[in-house]
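Have a look at protein29.txt; it's compact mmCIF, N, CA and C atoms:
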```txt
# COMPACT_ATOMS: atom_id res chain seq x y z
N MET A 267 15.28 -1.71 5.50
CA MET A 267 14.15 -2.41 4.91
C MET A 267 14.32 -3.92 5.07
N MET A 268 15.53 -4.39 5.16
CA MET A 268 15.75 -5.82 5.27
C MET A 268 15.53 -6.34 6.69
N GLY A 269 15.16 -5.47 7.64
CA GLY A 269 14.91 -5.90 9.00
C GLY A 269 13.48 -6.36 9.22
N ILE A 270 12.80 -6.69 8.14
CA ILE A 270 11.40 -7.11 8.23
C ILE A 270 11.31 -8.44 8.96
N LYS A 271 10.42 -8.47 9.95
CA LYS A 271 10.26 -9.69 10.76
C LYS A 271 8.85 -10.22 10.60
N ILE A 272 8.75 -11.50 10.36
CA ILE A 272 7.47 -12.18 10.22
C ILE A 272 7.32 -13.12 11.41
N ASP A 273 6.17 -13.08 12.06
CA ASP A 273 5.90 -13.93 13.21
C ASP A 273 4.85 -14.97 12.81
N ARG A 274 5.32 -16.18 12.59
CA ARG A 274 4.40 -17.24 12.15
C ARG A 274 3.43 -17.66 13.24
N ALA A 275 3.70 -17.32 14.50
CA ALA A 275 2.78 -17.63 15.59
C ALA A 275 1.63 -16.61 15.65
N ASP A 276 1.83 -15.47 15.03
CA ASP A 276 0.83 -14.41 15.01
C ASP A 276 -0.33 -14.85 14.10
N PRO A 277 -1.57 -14.66 14.53
CA PRO A 277 -2.70 -15.06 13.68
C PRO A 277 -2.91 -14.16 12.46
N THR A 278 -2.22 -13.02 12.41
CA THR A 278 -2.33 -12.12 11.27
C THR A 278 -1.79 -12.83 10.03
N LEU A 279 -2.51 -12.71 8.92
CA LEU A 279 -2.08 -13.34 7.67
C LEU A 279 -0.69 -12.86 7.29
N LEU A 280 0.09 -13.76 6.69
CA LEU A 280 1.49 -13.43 6.35
C LEU A 280 1.58 -12.22 5.43
N HIS A 281 0.73 -12.15 4.41
CA HIS A 281 0.84 -11.01 3.50
C HIS A 281 0.50 -9.70 4.20
N ASP A 282 -0.39 -9.75 5.19
CA ASP A 282 -0.70 -8.54 5.96
C ASP A 282 0.49 -8.15 6.84
N GLN A 283 1.20 -9.13 7.38
CA GLN A 283 2.40 -8.85 8.16
C GLN A 283 3.48 -8.22 7.29
N VAL A 284 3.66 -8.78 6.10
CA VAL A 284 4.67 -8.24 5.16
C VAL A 284 4.29 -6.80 4.81
N ALA A 285 3.02 -6.57 4.47
CA ALA A 285 2.57 -5.22 4.10
C ALA A 285 2.78 -4.25 5.26
N ALA A 286 2.46 -4.70 6.48
CA ALA A 286 2.62 -3.82 7.65
C ALA A 286 4.09 -3.44 7.86
N GLN A 287 4.98 -4.39 7.66
CA GLN A 287 6.40 -4.12 7.85
C GLN A 287 6.93 -3.15 6.79
N ILE A 288 6.49 -3.33 5.55
CA ILE A 288 6.93 -2.41 4.49
C ILE A 288 6.32 -1.03 4.73
N ARG A 289 5.06 -1.00 5.13
CA ARG A 289 4.39 0.27 5.45
C ARG A 289 5.16 1.01 6.55
N ARG A 290 5.59 0.26 7.54
CA ARG A 290 6.36 0.86 8.64
C ARG A 290 7.71 1.38 8.15
N SER A 291 8.37 0.63 7.27
CA SER A 291 9.65 1.08 6.71
C SER A 291 9.48 2.40 5.96
N ILE A 292 8.34 2.53 5.26
CA ILE A 292 8.07 3.78 4.55
C ILE A 292 7.81 4.89 5.55
N ALA A 293 7.01 4.62 6.57
CA ALA A 293 6.69 5.63 7.60
C ALA A 293 7.93 6.08 8.35
N ASP A 294 8.84 5.14 8.62
CA ASP A 294 10.07 5.46 9.36
C ASP A 294 11.12 6.14 8.48
N GLY A 295 10.89 6.19 7.18
CA GLY A 295 11.84 6.82 6.27
C GLY A 295 12.93 5.90 5.78
N ASP A 296 12.83 4.61 6.10
CA ASP A 296 13.81 3.64 5.60
C ASP A 296 13.67 3.45 4.09
N ALA A 297 12.44 3.57 3.61
CA ALA A 297 12.15 3.50 2.17
C ALA A 297 11.44 4.80 1.83
N LYS A 298 12.12 5.65 1.08
CA LYS A 298 11.63 7.00 0.80
C LYS A 298 10.92 7.06 -0.56
N PRO A 299 9.99 8.02 -0.72
CA PRO A 299 9.34 8.18 -2.02
C PRO A 299 10.36 8.30 -3.16
N GLY A 300 10.10 7.54 -4.22
CA GLY A 300 11.00 7.50 -5.37
C GLY A 300 12.01 6.38 -5.31
N GLU A 301 12.22 5.83 -4.13
CA GLU A 301 13.19 4.75 -3.95
C GLU A 301 12.64 3.43 -4.48
N ARG A 302 13.51 2.67 -5.08
CA ARG A 302 13.13 1.37 -5.63
C ARG A 302 13.25 0.29 -4.55
N LEU A 303 12.24 -0.57 -4.47
CA LEU A 303 12.28 -1.68 -3.52
C LEU A 303 13.06 -2.84 -4.11
N PRO A 304 13.60 -3.70 -3.26
CA PRO A 304 14.25 -4.91 -3.76
C PRO A 304 13.20 -5.77 -4.48
N PRO A 305 13.64 -6.65 -5.37
CA PRO A 305 12.68 -7.53 -6.06
C PRO A 305 11.91 -8.40 -5.05
N ALA A 306 10.69 -8.74 -5.41
CA ALA A 306 9.83 -9.55 -4.54
C ALA A 306 10.51 -10.87 -4.18
N ARG A 307 11.20 -11.46 -5.12
CA ARG A 307 11.88 -12.73 -4.85
C ARG A 307 12.94 -12.57 -3.76
N GLY A 308 13.66 -11.47 -3.80
CA GLY A 308 14.68 -11.20 -2.78
C GLY A 308 14.07 -10.94 -1.42
N LEU A 309 12.97 -10.17 -1.39
CA LEU A 309 12.28 -9.92 -0.13
C LEU A 309 11.75 -11.23 0.45
N ALA A 310 11.19 -12.05 -0.41
CA ALA A 310 10.64 -13.34 0.05
C ALA A 310 11.73 -14.21 0.66
N ALA A 311 12.90 -14.22 0.05
CA ALA A 311 14.00 -15.04 0.56
C ALA A 311 14.45 -14.55 1.93
N VAL A 312 14.55 -13.25 2.10
CA VAL A 312 14.98 -12.66 3.37
C VAL A 312 13.96 -12.93 4.47
N MET A 313 12.67 -12.87 4.11
CA MET A 313 11.60 -13.05 5.10
C MET A 313 11.19 -14.51 5.28
N HIS A 314 11.74 -15.37 4.45
CA HIS A 314 11.40 -16.80 4.51
C HIS A 314 9.91 -17.05 4.28
N VAL A 315 9.38 -16.36 3.28
CA VAL A 315 7.99 -16.57 2.86
C VAL A 315 7.97 -16.80 1.36
N ASN A 316 6.84 -17.23 0.86
CA ASN A 316 6.67 -17.46 -0.56
C ASN A 316 6.65 -16.13 -1.32
N THR A 317 7.16 -16.13 -2.52
CA THR A 317 7.16 -14.93 -3.36
C THR A 317 5.75 -14.41 -3.57
N ASN A 318 4.78 -15.32 -3.72
CA ASN A 318 3.40 -14.89 -3.92
C ASN A 318 2.86 -14.13 -2.70
N THR A 319 3.33 -14.47 -1.52
CA THR A 319 2.93 -13.75 -0.30
C THR A 319 3.43 -12.31 -0.37
N VAL A 320 4.67 -12.14 -0.78
CA VAL A 320 5.24 -10.78 -0.91
C VAL A 320 4.50 -10.02 -2.01
N LEU A 321 4.24 -10.66 -3.13
CA LEU A 321 3.54 -9.99 -4.23
C LEU A 321 2.15 -9.54 -3.80
N ARG A 322 1.47 -10.36 -3.03
CA ARG A 322 0.14 -9.99 -2.54
C ARG A 322 0.24 -8.76 -1.64
N ALA A 323 1.24 -8.72 -0.78
CA ALA A 323 1.46 -7.57 0.10
C ALA A 323 1.78 -6.32 -0.72
N LEU A 324 2.62 -6.47 -1.74
CA LEU A 324 3.00 -5.33 -2.57
C LEU A 324 1.79 -4.78 -3.33
N ARG A 325 0.92 -5.68 -3.83
CA ARG A 325 -0.29 -5.22 -4.53
C ARG A 325 -1.20 -4.46 -3.57
N LEU A 326 -1.30 -4.93 -2.34
CA LEU A 326 -2.10 -4.25 -1.33
C LEU A 326 -1.57 -2.83 -1.11
N LEU A 327 -0.26 -2.70 -0.99
CA LEU A 327 0.35 -1.38 -0.78
C LEU A 327 0.22 -0.49 -2.01
N ARG A 328 0.25 -1.11 -3.19
CA ARG A 328 0.00 -0.35 -4.42
C ARG A 328 -1.42 0.21 -4.40
N ASP A 329 -2.38 -0.61 -4.01
CA ASP A 329 -3.77 -0.18 -3.97
C ASP A 329 -3.99 0.93 -2.93
N GLU A 330 -3.15 0.97 -1.91
CA GLU A 330 -3.22 2.02 -0.88
C GLU A 330 -2.54 3.31 -1.35
N GLY A 331 -1.84 3.24 -2.48
CA GLY A 331 -1.16 4.43 -2.99
C GLY A 331 0.26 4.59 -2.49
N LEU A 332 0.80 3.56 -1.83
CA LEU A 332 2.15 3.66 -1.29
C LEU A 332 3.22 3.22 -2.28
N LEU A 333 2.87 2.33 -3.19
CA LEU A 333 3.84 1.80 -4.15
C LEU A 333 3.34 2.01 -5.57
N GLU A 334 4.29 2.05 -6.47
CA GLU A 334 3.99 2.19 -7.90
C GLU A 334 4.73 1.10 -8.65
N PHE A 335 4.02 0.36 -9.47
CA PHE A 335 4.62 -0.70 -10.28
C PHE A 335 4.84 -0.15 -11.68
N ARG A 336 6.05 -0.29 -12.20
CA ARG A 336 6.33 0.15 -13.56
C ARG A 336 7.11 -0.92 -14.28
N GLN A 337 6.62 -1.30 -15.44
CA GLN A 337 7.27 -2.32 -16.26
C GLN A 337 8.71 -1.89 -16.56
N GLY A 338 9.65 -2.75 -16.25
CA GLY A 338 11.05 -2.47 -16.52
C GLY A 338 11.74 -1.57 -15.52
N ARG A 339 10.97 -0.99 -14.61
CA ARG A 339 11.56 -0.08 -13.60
C ARG A 339 11.39 -0.60 -12.19
N GLY A 340 10.67 -1.69 -12.04
CA GLY A 340 10.49 -2.28 -10.72
C GLY A 340 9.40 -1.60 -9.92
N ILE A 341 9.49 -1.77 -8.63
CA ILE A 341 8.50 -1.24 -7.70
C ILE A 341 9.14 -0.11 -6.92
N ARG A 342 8.49 1.03 -6.93
CA ARG A 342 9.02 2.21 -6.25
C ARG A 342 8.03 2.71 -5.22
N VAL A 343 8.57 3.31 -4.17
CA VAL A 343 7.74 3.96 -3.17
C VAL A 343 7.17 5.22 -3.81
N SER A 344 5.85 5.38 -3.74
CA SER A 344 5.24 6.54 -4.39
C SER A 344 4.51 7.44 -3.41
N GLY A 345 4.41 7.05 -2.17
CA GLY A 345 3.68 7.87 -1.22
C GLY A 345 4.08 7.56 0.20
N THR A 346 3.31 8.12 1.11
CA THR A 346 3.52 7.91 2.53
C THR A 346 2.28 7.27 3.11
N PRO A 347 2.36 6.69 4.31
CA PRO A 347 1.16 6.09 4.90
C PRO A 347 0.01 7.09 5.04
N GLN A 348 0.34 8.36 5.27
CA GLN A 348 -0.71 9.36 5.37
C GLN A 348 -1.45 9.49 4.04
N ARG A 349 -0.70 9.52 2.94
CA ARG A 349 -1.34 9.59 1.62
C ARG A 349 -2.17 8.34 1.38
N GLY A 350 -1.65 7.21 1.81
CA GLY A 350 -2.38 5.97 1.65
C GLY A 350 -3.69 5.98 2.43
N ALA A 351 -3.67 6.55 3.62
CA ALA A 351 -4.89 6.64 4.43
C ALA A 351 -5.92 7.55 3.76
N VAL A 352 -5.46 8.66 3.21
CA VAL A 352 -6.36 9.58 2.52
C VAL A 352 -6.94 8.90 1.28
N LEU A 353 -6.11 8.19 0.53
CA LEU A 353 -6.58 7.48 -0.65
C LEU A 353 -7.62 6.43 -0.27
N ALA A 354 -7.39 5.70 0.81
CA ALA A 354 -8.35 4.68 1.26
C ALA A 354 -9.69 5.32 1.59
N LYS A 355 -9.66 6.46 2.26
CA LYS A 355 -10.91 7.16 2.60
C LYS A 355 -11.60 7.69 1.35
N ALA A 356 -10.81 8.16 0.37
CA ALA A 356 -11.39 8.65 -0.88
C ALA A 356 -12.09 7.51 -1.62
N ILE A 357 -11.47 6.35 -1.65
CA ILE A 357 -12.08 5.19 -2.29
C ILE A 357 -13.38 4.82 -1.57
N GLU A 358 -13.33 4.87 -0.24
CA GLU A 358 -14.52 4.58 0.57
C GLU A 358 -15.64 5.58 0.25
N LEU A 359 -15.28 6.86 0.11
CA LEU A 359 -16.26 7.89 -0.21
C LEU A 359 -16.89 7.65 -1.57
N VAL A 360 -16.08 7.31 -2.57
CA VAL A 360 -16.60 7.05 -3.91
C VAL A 360 -17.55 5.86 -3.88
N GLN A 361 -17.19 4.81 -3.15
CA GLN A 361 -18.06 3.64 -3.04
C GLN A 361 -19.38 4.00 -2.36
N LEU A 362 -19.32 4.77 -1.27
CA LEU A 362 -20.52 5.19 -0.57
C LEU A 362 -21.37 6.07 -1.49
N GLY A 363 -20.71 6.96 -2.22
CA GLY A 363 -21.43 7.82 -3.16
C GLY A 363 -22.16 7.02 -4.23
N ARG A 364 -21.49 6.01 -4.78
CA ARG A 364 -22.13 5.16 -5.79
C ARG A 364 -23.34 4.45 -5.22
N GLN A 365 -23.19 3.91 -3.99
CA GLN A 365 -24.29 3.21 -3.34
C GLN A 365 -25.46 4.14 -3.06
N SER A 366 -25.15 5.42 -2.88
CA SER A 366 -26.18 6.41 -2.57
C SER A 366 -26.69 7.13 -3.80
N GLY A 367 -26.19 6.77 -4.97
CA GLY A 367 -26.68 7.35 -6.22
C GLY A 367 -25.96 8.59 -6.69
N TYR A 368 -24.81 8.92 -6.11
CA TYR A 368 -24.04 10.08 -6.54
C TYR A 368 -22.97 9.65 -7.54
N ASP A 369 -22.71 10.48 -8.54
CA ASP A 369 -21.60 10.20 -9.43
C ASP A 369 -20.39 11.03 -8.98
N ARG A 370 -19.26 10.83 -9.64
CA ARG A 370 -18.02 11.52 -9.21
C ARG A 370 -18.14 13.03 -9.27
N ALA A 371 -18.79 13.53 -10.31
CA ALA A 371 -18.93 14.98 -10.45
C ALA A 371 -19.71 15.56 -9.27
N GLU A 372 -20.76 14.87 -8.85
CA GLU A 372 -21.54 15.34 -7.71
C GLU A 372 -20.72 15.27 -6.42
N LEU A 373 -19.92 14.20 -6.28
CA LEU A 373 -19.06 14.10 -5.10
C LEU A 373 -18.03 15.22 -5.07
N LEU A 374 -17.47 15.55 -6.24
CA LEU A 374 -16.50 16.66 -6.29
C LEU A 374 -17.15 17.97 -5.89
N GLU A 375 -18.39 18.19 -6.33
CA GLU A 375 -19.11 19.41 -5.94
C GLU A 375 -19.27 19.47 -4.42
N ILE A 376 -19.62 18.33 -3.82
CA ILE A 376 -19.78 18.28 -2.37
C ILE A 376 -18.46 18.59 -1.67
N ILE A 377 -17.37 17.99 -2.15
CA ILE A 377 -16.05 18.21 -1.55
C ILE A 377 -15.62 19.65 -1.70
N GLU A 378 -15.82 20.22 -2.89
CA GLU A 378 -15.40 21.59 -3.13
C GLU A 378 -16.22 22.60 -2.30
N ALA A 379 -17.41 22.21 -1.91
CA ALA A 379 -18.25 23.10 -1.10
C ALA A 379 -17.88 23.05 0.38
N LEU A 380 -17.03 22.10 0.76
CA LEU A 380 -16.62 22.00 2.17
C LEU A 380 -15.75 23.18 2.55
N PRO A 381 -15.84 23.59 3.84
CA PRO A 381 -14.99 24.71 4.30
C PRO A 381 -13.53 24.34 4.37
```

Starting from the coordinates I provided, produce the structure as structure tokens.
Amino acid sequence: MMGIKIDRADPTLLHDQVAAQIRRSIADGDAKPGERLPPARGLAAVMHVNTNTVLRALRLLRDEGLLEFRQGRGIRVSGTPQRGAVLAKAIELVQLGRQSGYDRAELLEIIEALP
């Protein structure tokens, strides 16, 4: 996990680079579900970025379902990139459903009716 590399010449935002590297570490099995990540301050020091950059990346991964934040327990890996992709699509479906006038119960009925 400490082999994270940030390319400042890359036009990709730093927090997106950090998130991508952590996502890859999870996909490669370097950081396994249930495993605790190093503190954001430590990651920031190793990557030579601001702590807020790392925190922004970690929040992004939490929103994708890959990380879990727990008070007093730190940040733990809670999923895999595949789970994160499914969660992202589920969020997209709920948003589309709301825009189209469907509530969650109706969306669940549609999903359950799928083959």

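Checking A:Ala306, A:Ile272, A:Leu362, A:Val343 one by one against A:Leu321, counting only N, CA and C atoms, you find the shortest gap at A:Ala306.
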
Kindly give the distance, in Å, that separates atom CA of A:Gln283 and atom CA of A:Ala323, rounded to a single decimal.
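Between atom CA of A:Gln283 and atom CA of A:Ala323 the gap works out to 8.2 Å.
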
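Taking atom CA of A:Ile376 and atom CA of A:Thr346 as endpoints, the distance between them is 26.0 Å.
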
Out of chain A, which residues get alpha helix (DSSP H) from DSSP, as a ChimeraX atom specification?
/A:280-293,306-313,317-329,347-365,370-378

Report the distance between atom CA of A:Ala275 and atom CA of A:Val315 in Å, rounded to one decimal place.
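Taking atom CA of A:Ala275 and atom CA of A:Val315, their separation equals 13.8 Å.
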
Among listed residues A:Lys271, A:His281, A:Arg364, A:Arg370, nearest A:Asn318 (using only C-alpha atoms)
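Answer, going by the shortest atom-to-atom distance: A:His281.
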
Can you tell me which residues surround stretch 335-338 of chain A at a distance of at most 10 Å, considering only C-alpha atoms, apart from same-chain residues fewer than 6 positions away, and format the answer as a PyMOL selection string?
chain A and resi 302+324-325+328+344

Would you pick out the contacts of A:Leu280 at 10 Å or less, using only C-alpha atoms, so that residues sharing its chain but fewer than 5 positions from it are not included, and give the list as number ranges by chain?
A: 272-274, 285-286, 315-316, 319-320, 322-323

Tell me which of A:Gly345, A:Leu374, A:Ala351, A:Gly340 sits closest to A:Lys298, counting all atoms listed in the file.
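Of A:Gly345, A:Leu374, A:Ala351, A:Gly340, the one nearest A:Lys298 is A:Gly345, counting all atoms listed in the file.
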
Report as a tab-separated table (two decimals) with N, CA and C atoms, in the frame of the given file: the residues of chain A with a DSSP assignment of strand (DSSP E), based on the backbone of this structure.
```tsv
chain	number	residue	atom	x	y	z
A	333	LEU	N	2.87	2.33	-3.19
A	333	LEU	CA	3.84	1.80	-4.15
A	333	LEU	C	3.34	2.01	-5.57
A	334	GLU	N	4.29	2.05	-6.47
A	334	GLU	CA	3.99	2.19	-7.90
A	334	GLU	C	4.73	1.10	-8.65
A	335	PHE	N	4.02	0.36	-9.47
A	335	PHE	CA	4.62	-0.70	-10.28
A	335	PHE	C	4.84	-0.15	-11.68
A	336	ARG	N	6.05	-0.29	-12.20
A	336	ARG	CA	6.33	0.15	-13.56
A	336	ARG	C	7.11	-0.92	-14.28
A	340	GLY	N	10.67	-1.69	-12.04
A	340	GLY	CA	10.49	-2.28	-10.72
A	340	GLY	C	9.40	-1.60	-9.92
A	341	ILE	N	9.49	-1.77	-8.63
A	341	ILE	CA	8.50	-1.24	-7.70
A	341	ILE	C	9.14	-0.11	-6.92
A	342	ARG	N	8.49	1.03	-6.93
A	342	ARG	CA	9.02	2.21	-6.25
A	342	ARG	C	8.03	2.71	-5.22
A	343	VAL	N	8.57	3.31	-4.17
A	343	VAL	CA	7.74	3.96	-3.17
A	343	VAL	C	7.17	5.22	-3.81
```

For A:Leu332, which residue among A:Pro381, A:Arg307, A:Leu373, A:Arg289 is the nearest when counting only N, CA and C atoms?
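Of all the options, A:Arg289 lies closest to A:Leu332.
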